[in-house]
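Chemist: Below you'll find input.cif; it's mmCIF, C-alpha atoms and all ligand atoms.
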data_coords
loop_
_atom_site.group_PDB
_atom_site.id
_atom_site.type_symbol
_atom_site.label_atom_id
_atom_site.label_comp_id
_atom_site.auth_asym_id
_atom_site.auth_seq_id
_atom_site.Cartn_x
_atom_site.Cartn_y
_atom_site.Cartn_z
ATOM 1 C CA MET A 1 -97.301 89.974 -31.817
ATOM 2 C CA PRO A 2 -100.951 91.022 -31.621
ATOM 3 C CA VAL A 3 -102.979 92.047 -34.635
ATOM 4 C CA CYS A 4 -103.354 95.804 -35.173
ATOM 5 C CA PRO A 5 -106.838 96.893 -34.011
ATOM 6 C CA THR A 6 -106.970 99.573 -36.713
ATOM 7 C CA CYS A 7 -105.907 97.859 -39.920
ATOM 8 C CA GLY A 8 -105.717 94.189 -38.908
ATOM 9 C CA SER A 9 -102.091 93.839 -39.952
ATOM 10 C CA CYS A 10 -99.954 91.350 -38.063
ATOM 11 C CA ARG A 11 -96.814 93.411 -38.755
ATOM 12 C CA THR A 12 -96.675 94.851 -35.249
ATOM 13 C CA VAL A 13 -93.660 95.372 -32.987
ATOM 14 C CA LYS A 14 -93.141 96.084 -29.303
ATOM 15 C CA ASN A 15 -92.839 99.813 -28.743
ATOM 16 C CA GLY A 16 -92.163 100.663 -25.118
ATOM 17 C CA HIS A 17 -94.682 100.742 -22.320
ATOM 18 C CA ILE A 18 -97.545 102.959 -21.242
ATOM 19 C CA HIS A 19 -97.705 104.728 -17.854
ATOM 20 C CA ASN A 20 -99.041 101.703 -15.951
ATOM 21 C CA GLY A 21 -96.333 99.422 -17.321
ATOM 22 C CA LYS A 22 -98.421 97.658 -19.981
ATOM 23 C CA GLN A 23 -96.693 96.654 -23.179
ATOM 24 C CA ARG A 24 -97.307 99.030 -26.058
ATOM 25 C CA PHE A 25 -97.149 97.958 -29.683
ATOM 26 C CA LYS A 26 -96.748 99.797 -32.956
ATOM 27 C CA CYS A 27 -98.170 98.767 -36.303
ATOM 28 C CA HIS A 28 -95.782 98.854 -39.285
ATOM 29 C CA GLN A 29 -98.687 98.943 -41.699
ATOM 30 C CA CYS A 30 -100.578 102.040 -40.526
ATOM 31 C CA GLY A 31 -98.320 103.427 -37.777
ATOM 32 C CA ARG A 32 -100.935 103.101 -35.026
ATOM 33 C CA GLN A 33 -99.676 102.590 -31.492
ATOM 34 C CA PHE A 34 -101.833 100.434 -29.278
ATOM 35 C CA VAL A 35 -101.991 98.364 -26.130
ATOM 36 C CA GLU A 36 -103.048 94.800 -26.592
ATOM 37 C CA HIS A 37 -105.677 94.649 -23.865
ATOM 38 C CA PRO A 38 -106.918 98.127 -22.951
ATOM 39 C CA THR A 39 -107.980 98.161 -19.320
ATOM 40 C CA LYS A 40 -110.805 100.578 -20.097
ATOM 41 C CA LYS A 41 -113.185 97.803 -21.095
ATOM 42 C CA VAL A 42 -112.402 94.211 -20.258
ATOM 43 C CA ILE A 43 -114.586 91.635 -21.933
ATOM 44 C CA GLY A 44 -114.486 88.361 -20.043
ATOM 45 C CA GLN A 45 -113.830 84.956 -21.527
ATOM 46 C CA GLY A 46 -117.438 83.912 -20.928
ATOM 47 C CA THR A 47 -118.719 86.853 -22.954
ATOM 48 C CA ARG A 48 -116.252 86.113 -25.757
ATOM 49 C CA GLU A 49 -117.448 82.512 -25.893
ATOM 50 C CA LEU A 50 -121.045 83.708 -26.012
ATOM 51 C CA ILE A 51 -120.138 86.041 -28.874
ATOM 52 C CA GLU A 52 -118.450 83.174 -30.738
ATOM 53 C CA ARG A 53 -121.666 81.175 -30.534
ATOM 54 C CA LEU A 54 -123.833 84.121 -31.526
ATOM 55 C CA LEU A 55 -121.590 84.830 -34.529
ATOM 56 C CA LEU A 56 -122.186 81.269 -35.720
ATOM 57 C CA GLU A 57 -125.910 81.968 -35.546
ATOM 58 C CA ARG A 58 -125.340 84.832 -37.972
ATOM 59 C CA ILE A 59 -127.271 87.305 -35.892
ATOM 60 C CA SER A 60 -126.579 90.920 -36.806
ATOM 61 C CA LEU A 61 -123.721 92.576 -34.958
ATOM 62 C CA ALA A 62 -126.177 95.003 -33.360
ATOM 63 C CA GLY A 63 -128.183 92.039 -32.045
ATOM 64 C CA ILE A 64 -125.090 90.297 -30.714
ATOM 65 C CA ALA A 65 -123.926 93.491 -29.016
ATOM 66 C CA ARG A 66 -127.280 93.774 -27.238
ATOM 67 C CA ALA A 67 -127.355 90.088 -26.253
ATOM 68 C CA ALA A 68 -123.771 90.052 -24.959
ATOM 69 C CA GLN A 69 -124.007 93.561 -23.446
ATOM 70 C CA VAL A 70 -120.955 94.903 -25.216
ATOM 71 C CA SER A 71 -120.709 98.023 -27.345
ATOM 72 C CA GLU A 72 -121.181 97.671 -31.092
ATOM 73 C CA GLN A 73 -117.877 99.447 -31.529
ATOM 74 C CA TRP A 74 -116.066 96.895 -29.393
ATOM 75 C CA LEU A 75 -117.776 94.042 -31.218
ATOM 76 C CA GLN A 76 -116.825 95.517 -34.589
ATOM 77 C CA THR A 77 -113.194 95.676 -33.491
ATOM 78 C CA TYR A 78 -113.364 92.132 -32.156
ATOM 79 C CA VAL A 79 -114.790 90.778 -35.411
ATOM 80 C CA ASN A 80 -112.198 92.735 -37.401
ATOM 81 C CA GLU A 81 -109.425 91.209 -35.324
ATOM 82 C CA LYS A 82 -110.868 87.726 -35.711
ATOM 83 C CA TYR A 83 -111.180 88.167 -39.441
ATOM 84 C CA ALA A 84 -107.695 89.646 -39.699
ATOM 85 C CA SER A 85 -106.035 86.899 -37.704
ATOM 86 C CA ALA A 86 -108.012 84.212 -39.530
ATOM 87 C CA SER A 87 -107.290 85.378 -43.048
ATOM 88 C CA LYS A 88 -104.572 87.986 -43.397
ATOM 89 C CA CYS A 89 -102.022 86.257 -41.248
ATOM 90 C CA ALA A 90 -102.693 83.049 -43.146
ATOM 91 C CA GLY A 91 -101.183 84.661 -46.225
ATOM 92 C CA VAL A 92 -104.145 86.259 -47.967
ATOM 93 C CA PRO A 93 -102.791 89.194 -49.995
ATOM 94 C CA GLN A 94 -103.297 92.481 -48.238
ATOM 95 C CA LYS A 95 -105.173 95.311 -49.757
ATOM 96 C CA LYS A 96 -103.229 98.557 -50.007
ATOM 97 C CA GLY A 97 -103.935 101.026 -47.254
ATOM 98 C CA ARG A 98 -106.454 100.713 -44.509
ATOM 99 C CA LEU A 99 -109.027 97.978 -44.416
ATOM 100 C CA THR A 100 -112.005 98.495 -42.187
ATOM 101 C CA LEU A 101 -114.391 95.610 -42.097
ATOM 102 C CA GLN A 102 -118.043 95.683 -41.381
ATOM 103 C CA CYS A 103 -119.704 92.371 -40.819
ATOM 104 C CA ASP A 104 -123.424 92.126 -40.849
ATOM 105 C CA GLU A 105 -126.146 90.019 -42.237
ATOM 106 C CA LEU A 106 -127.181 92.046 -45.221
ATOM 107 C CA TRP A 107 -130.398 90.287 -46.005
ATOM 108 C CA SER A 108 -132.313 87.072 -45.680
ATOM 109 C CA PHE A 109 -134.464 85.330 -48.238
ATOM 110 C CA VAL A 110 -136.572 82.211 -48.527
ATOM 111 C CA ASP A 111 -135.237 79.817 -51.140
ATOM 112 C CA ASN A 112 -137.406 77.755 -53.484
ATOM 113 C CA LYS A 113 -137.532 74.904 -50.967
ATOM 114 C CA GLY A 114 -139.007 77.248 -48.383
ATOM 115 C CA ASN A 115 -135.860 77.482 -46.262
ATOM 116 C CA LYS A 116 -134.839 80.804 -44.886
ATOM 117 C CA GLN A 117 -131.310 81.724 -45.991
ATOM 118 C CA TRP A 118 -129.045 84.274 -44.406
ATOM 119 C CA VAL A 119 -126.361 86.066 -46.290
ATOM 120 C CA TRP A 120 -123.537 87.185 -44.041
ATOM 121 C CA LEU A 121 -121.102 89.614 -45.536
ATOM 122 C CA ALA A 122 -117.825 91.111 -44.480
ATOM 123 C CA LEU A 123 -117.469 94.470 -46.192
ATOM 124 C CA ASP A 124 -114.678 96.927 -46.523
ATOM 125 C CA ALA A 125 -116.303 99.939 -44.881
ATOM 126 C CA ASP A 126 -114.557 102.425 -47.160
ATOM 127 C CA THR A 127 -115.143 100.889 -50.560
ATOM 128 C CA ARG A 128 -118.139 98.668 -49.714
ATOM 129 C CA GLU A 129 -116.201 95.922 -51.423
ATOM 130 C CA VAL A 130 -117.248 92.470 -50.228
ATOM 131 C CA VAL A 131 -114.236 90.648 -48.857
ATOM 132 C CA SER A 132 -115.988 87.602 -47.470
ATOM 133 C CA VAL A 133 -119.412 86.024 -47.870
ATOM 134 C CA TYR A 134 -121.171 83.327 -45.957
ATOM 135 C CA ILE A 135 -124.520 81.930 -47.002
ATOM 136 C CA GLY A 136 -126.244 79.733 -44.488
ATOM 137 C CA ALA A 137 -129.609 78.168 -43.868
HETATM 138 ZN ZN ZN B 1 -102.236 98.915 -38.380
#
Now that the file is in, can you turn its structure into structure tokens?
Ligand SMILES: [Zn+2]

Modeler:
Amino acid sequence: MPVCPTCGSCRTVKNGHIHNGKQRFKCHQCGRQFVEHPTKKVIGQGTRELIERLLLERISLAGIARAAQVSEQWLQTYVNEKYASASKCAGVPQKKGRLTLQCDELWSFVDNKGNKQWVWLALDADTREVVSVYIGA
């Protein structure tokens, strides 16, 4: 079953079909109904691969959205799904209620060896609680 685009839960079930015959799913966690691949905006495999590489460069989400020509909103959802499928479904305890992640590089600094360091944070958008941190050169 796909990961819920709203809360990132993997507790989703099939729930009928939409008008054009696409499979619809329902999330047990937050009750949201969704279609796995909305036809409104299809992001190709090439773009997804580009985004994967850009994410590894720890460019801000706004920068990646501009470079890959996708909306920031779509990118946010994509990163949320990636994070959710990478961590939550691997058995990390789930926070109560809705978890909305924001990933962005919060700041950069130059360490005492003169190397520029990036700090990449995944935040809960509601509580501003840091749920994941990556520090890279
Ligand atoms: Zn959900």

Chemist: Residues at most 7 Å from ligand ZN 1 (chain B), using all atoms listed in the file? Could they come as a PyMOL selection string?

Modeler: chain A and resi 4-9+27-32

Chemist: In Å, with one decimal, what is the gap from CA of Arg53 in chain A to CA of Val3 in chain A?

Modeler: 22.0 Å

Chemist: How would you write as number ranges by chain the residues that get within 12 Å of (-119.6, 97.1, -22.6) in the file's frame, counting all atoms listed in the file?

Modeler: A: 40-44, 47-48, 64-75

Chemist: State, in Å with one decimal place, the distance from CA of Lys22 in chain A to CA of Leu50 in chain A.

Modeler: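 Spanning CA of Lys22 in chain A to CA of Leu50 in chain A is a straight-line distance of 27.3 Å.
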
Chemist: Might you pull out every residue within 7 Å of Phe34 in chain A, with all atoms listed in the file counted and same-chain residues fewer than 5 positions away left off, and present them as a list in words?

Modeler: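 Selected residues are Arg24, Phe25 and Lys26 of chain A.
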
Chemist: Would you work out the distance separating CA of Asn15 in chain A from CA of Gln76 in chain A, expressed in Å to one decimal?

Modeler: 25.1 Å

Chemist: Mind giving me the axis-aligned box for range 1-7 of chain A with 8 Å on every side, centre plus edges in Å to one decimal, as lines of an AutoDock Vina configuration file?

Modeler:
center_x = -102.1
center_y = 94.8
center_z = -35.8
size_x = 25.7
size_y = 25.6
size_z = 24.3

Chemist: Using all atoms listed in the file, which residue out of A:Val79, A:Val35, A:Gln23, A:Ile18 lies closest to Ile51 in chain A?

Modeler: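 For Ile51 in chain A, the nearest of the candidates is A:Val79.
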
Chemist: Tell me which of A:Leu54, A:Ile59, A:Gln33, A:Glu81 sits closest to Cys10 in chain A, counting all atoms listed in the file.

Modeler: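 Looking at the shortest contact to Cys10 in chain A, the residue is A:Glu81.
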